[in-house]
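Undergrad: Sending over a structure as structure tokens; questions will come in a sec.
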Amino acid sequence: MDKIYSFLGICQKAGKVVSGETGCELAIKNKTAKLVLLAEDASANTKKKFENSAKYYEIPILTLGSKQEMGIAIGKESRAVLAITEQGFAKSILDKMK
């Protein structure tokens, strides 16, 4: 799991992470999101909203750690949802989760 958090930091430095609900919603609807990462402790409403959106737009979604851990990984405050906007980074994260 630590490898994924470190990799999220790299993605953030490369400018390929969108964080927060509003930004992630736009990334999903604009089809720039290649992978959605959802915190395990996100609210039920947030989980449902992003699971439904990701399914509708056919974007892979993973549940990963806590909001606090996800925020720290990208150098920000706690985040319930992240979107990876680069296909290569998204594929690497999916591969690391297997």
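Residue numbers start at 1 in each chain; chains themselves are named A, B, ... in the order of the structure tokens; ligands are numbered from 1 in the order shown.
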Running DSSP on the backbone, which parts of chain A land in strand (DSSP E), as a PyMOL selection string?
TA: chain A and resi 17-19+35-38+61-63+81-84
Undergrad: Any idea what's packed within 12 Å of A:Lys47, counting only C-alpha atoms, ignoring anything in its chain fewer than 4 positions away? Could you give it as JSON, numbers by chain?
TA: {"A": [21, 36, 37, 38, 39, 40, 41, 42, 43, 51, 52, 53, 54, 55, 61, 62, 63, 64, 80, 81]}
Undergrad: Hey, could you make a per-residue contact list for stretch 32-95 of chain A against stretch 8-15 of chain A with 10 Å as the cut-off, showing the nearest pair of atoms and its distance in Å to one decimal, counting only C-alpha atoms, sorted by chain and number, as a tab-separated table?
TA:
```
residue	atom	partner	partner_atom	distance
A:Met70	CA	A:Leu8	CA	8.3
A:Gly71	CA	A:Gly9	CA	9.8
A:Ile72	CA	A:Gly9	CA	8.7
A:Ala73	CA	A:Gly9	CA	5.4
A:Ile74	CA	A:Gly9	CA	4.8
A:Gly75	CA	A:Gly9	CA	7.3
A:Leu82	CA	A:Leu8	CA	9.6
A:Ile84	CA	A:Cys11	CA	7.7
A:Thr85	CA	A:Gly15	CA	8.7
A:Glu86	CA	A:Cys11	CA	8.6
A:Phe89	CA	A:Cys11	CA	7.0
A:Ala90	CA	A:Cys11	CA	9.4
A:Ile93	CA	A:Leu8	CA	8.5
```
Undergrad: Only N, CA, C and O atoms, please: the residues just picked out, written as a PDB file, in the first residue's frame.
TA:
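Contents of the output file out_7.pdb:
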```pdb
ATOM      1  N   MET A  70      -4.910   9.432   1.911  1.00  0.00           N
ATOM      2  CA  MET A  70      -4.934   9.887   0.520  1.00  0.00           C
ATOM      3  C   MET A  70      -4.492  11.344   0.415  1.00  0.00           C
ATOM      4  O   MET A  70      -3.753  11.711  -0.500  1.00  0.00           O
ATOM      5  N   GLY A  71      -4.925  12.165   1.350  1.00  0.00           N
ATOM      6  CA  GLY A  71      -4.514  13.567   1.357  1.00  0.00           C
ATOM      7  C   GLY A  71      -3.019  13.716   1.565  1.00  0.00           C
ATOM      8  O   GLY A  71      -2.348  14.470   0.856  1.00  0.00           O
ATOM      9  N   ILE A  72      -2.484  12.998   2.534  1.00  0.00           N
ATOM     10  CA  ILE A  72      -1.048  13.054   2.824  1.00  0.00           C
ATOM     11  C   ILE A  72      -0.238  12.608   1.603  1.00  0.00           C
ATOM     12  O   ILE A  72       0.786  13.200   1.281  1.00  0.00           O
ATOM     13  N   ALA A  73      -0.723  11.579   0.913  1.00  0.00           N
ATOM     14  CA  ALA A  73      -0.007  11.045  -0.252  1.00  0.00           C
ATOM     15  C   ALA A  73       0.189  12.098  -1.339  1.00  0.00           C
ATOM     16  O   ALA A  73       1.204  12.080  -2.046  1.00  0.00           O
ATOM     17  N   ILE A  74      -0.754  13.019  -1.466  1.00  0.00           N
ATOM     18  CA  ILE A  74      -0.629  14.049  -2.506  1.00  0.00           C
ATOM     19  C   ILE A  74      -0.226  15.403  -1.937  1.00  0.00           C
ATOM     20  O   ILE A  74      -0.252  16.409  -2.640  1.00  0.00           O
ATOM     21  N   GLY A  75       0.114  15.434  -0.640  1.00  0.00           N
ATOM     22  CA  GLY A  75       0.598  16.655  -0.031  1.00  0.00           C
ATOM     23  C   GLY A  75      -0.482  17.680   0.262  1.00  0.00           C
ATOM     24  O   GLY A  75      -0.232  18.882   0.232  1.00  0.00           O
ATOM     25  N   LEU A  82     -10.040  10.944  -5.380  1.00  0.00           N
ATOM     26  CA  LEU A  82      -9.000  11.415  -6.286  1.00  0.00           C
ATOM     27  C   LEU A  82      -9.282  10.852  -7.670  1.00  0.00           C
ATOM     28  O   LEU A  82      -9.812   9.748  -7.798  1.00  0.00           O
ATOM     29  N   ILE A  84      -7.175  10.096 -11.301  1.00  0.00           N
ATOM     30  CA  ILE A  84      -5.905  10.066 -12.034  1.00  0.00           C
ATOM     31  C   ILE A  84      -6.243  10.360 -13.491  1.00  0.00           C
ATOM     32  O   ILE A  84      -7.113   9.708 -14.072  1.00  0.00           O
ATOM     33  N   THR A  85      -5.541  11.332 -14.087  1.00  0.00           N
ATOM     34  CA  THR A  85      -5.918  11.789 -15.424  1.00  0.00           C
ATOM     35  C   THR A  85      -4.970  11.337 -16.531  1.00  0.00           C
ATOM     36  O   THR A  85      -5.106  11.787 -17.666  1.00  0.00           O
ATOM     37  N   GLU A  86      -4.046  10.466 -16.213  1.00  0.00           N
ATOM     38  CA  GLU A  86      -3.109   9.975 -17.217  1.00  0.00           C
ATOM     39  C   GLU A  86      -3.194   8.455 -17.261  1.00  0.00           C
ATOM     40  O   GLU A  86      -3.092   7.789 -16.231  1.00  0.00           O
ATOM     41  N   PHE A  89      -0.299   6.237 -15.681  1.00  0.00           N
ATOM     42  CA  PHE A  89      -0.319   6.243 -14.219  1.00  0.00           C
ATOM     43  C   PHE A  89      -1.477   5.391 -13.703  1.00  0.00           C
ATOM     44  O   PHE A  89      -1.332   4.634 -12.751  1.00  0.00           O
ATOM     45  N   ALA A  90      -2.628   5.522 -14.330  1.00  0.00           N
ATOM     46  CA  ALA A  90      -3.797   4.745 -13.910  1.00  0.00           C
ATOM     47  C   ALA A  90      -3.521   3.254 -14.043  1.00  0.00           C
ATOM     48  O   ALA A  90      -3.825   2.473 -13.125  1.00  0.00           O
ATOM     49  N   ILE A  93      -1.163   2.029 -11.251  1.00  0.00           N
ATOM     50  CA  ILE A  93      -1.851   1.866  -9.956  1.00  0.00           C
ATOM     51  C   ILE A  93      -2.701   0.602  -9.959  1.00  0.00           C
ATOM     52  O   ILE A  93      -2.692  -0.164  -8.997  1.00  0.00           O
TER      53      ILE A  93
END
```
Undergrad: Quick one, how far is atom CA of A:Asp2 from atom CA of A:Ser66?
TA: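 A separation of 12.7 Å between them.
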Undergrad: Considering only C-alpha atoms, can you say which of A:Lys91, A:Ile28, A:Glu69, A:Asn45 comes closest to A:Met1?
TA: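 Of A:Lys91, A:Ile28, A:Glu69, A:Asn45, the one nearest A:Met1, counting only C-alpha atoms, is A:Glu69.
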Undergrad: Once DSSP has gone over the backbone, tell me which residues of chain A are in helix (DSSP H, G or I), as a ChimeraX atom specification.
TA: /A:2-13,21-29,44-56,67-73,87-97
Undergrad: A:Tyr56, A:Gly65, A:Lys48, A:Ala83: which is nearest A:Glu25, counting only C-alpha atoms?
TA: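 Residue with the minimum atom-to-atom distance to A:Glu25: A:Ala83.
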Undergrad: How far is it from atom CA of A:Phe7 to atom CA of A:Thr46, in Å with one decimal?
TA: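 Atom CA of A:Phe7 sits 24.0 Å away from atom CA of A:Thr46.
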Undergrad: Please, what distance in Å, to one decimal, runs between atom CA of A:Lys29 and atom CA of A:Lys3?
TA: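 Atom-to-atom, atom CA of A:Lys29 to atom CA of A:Lys3, that is 28.7 Å.
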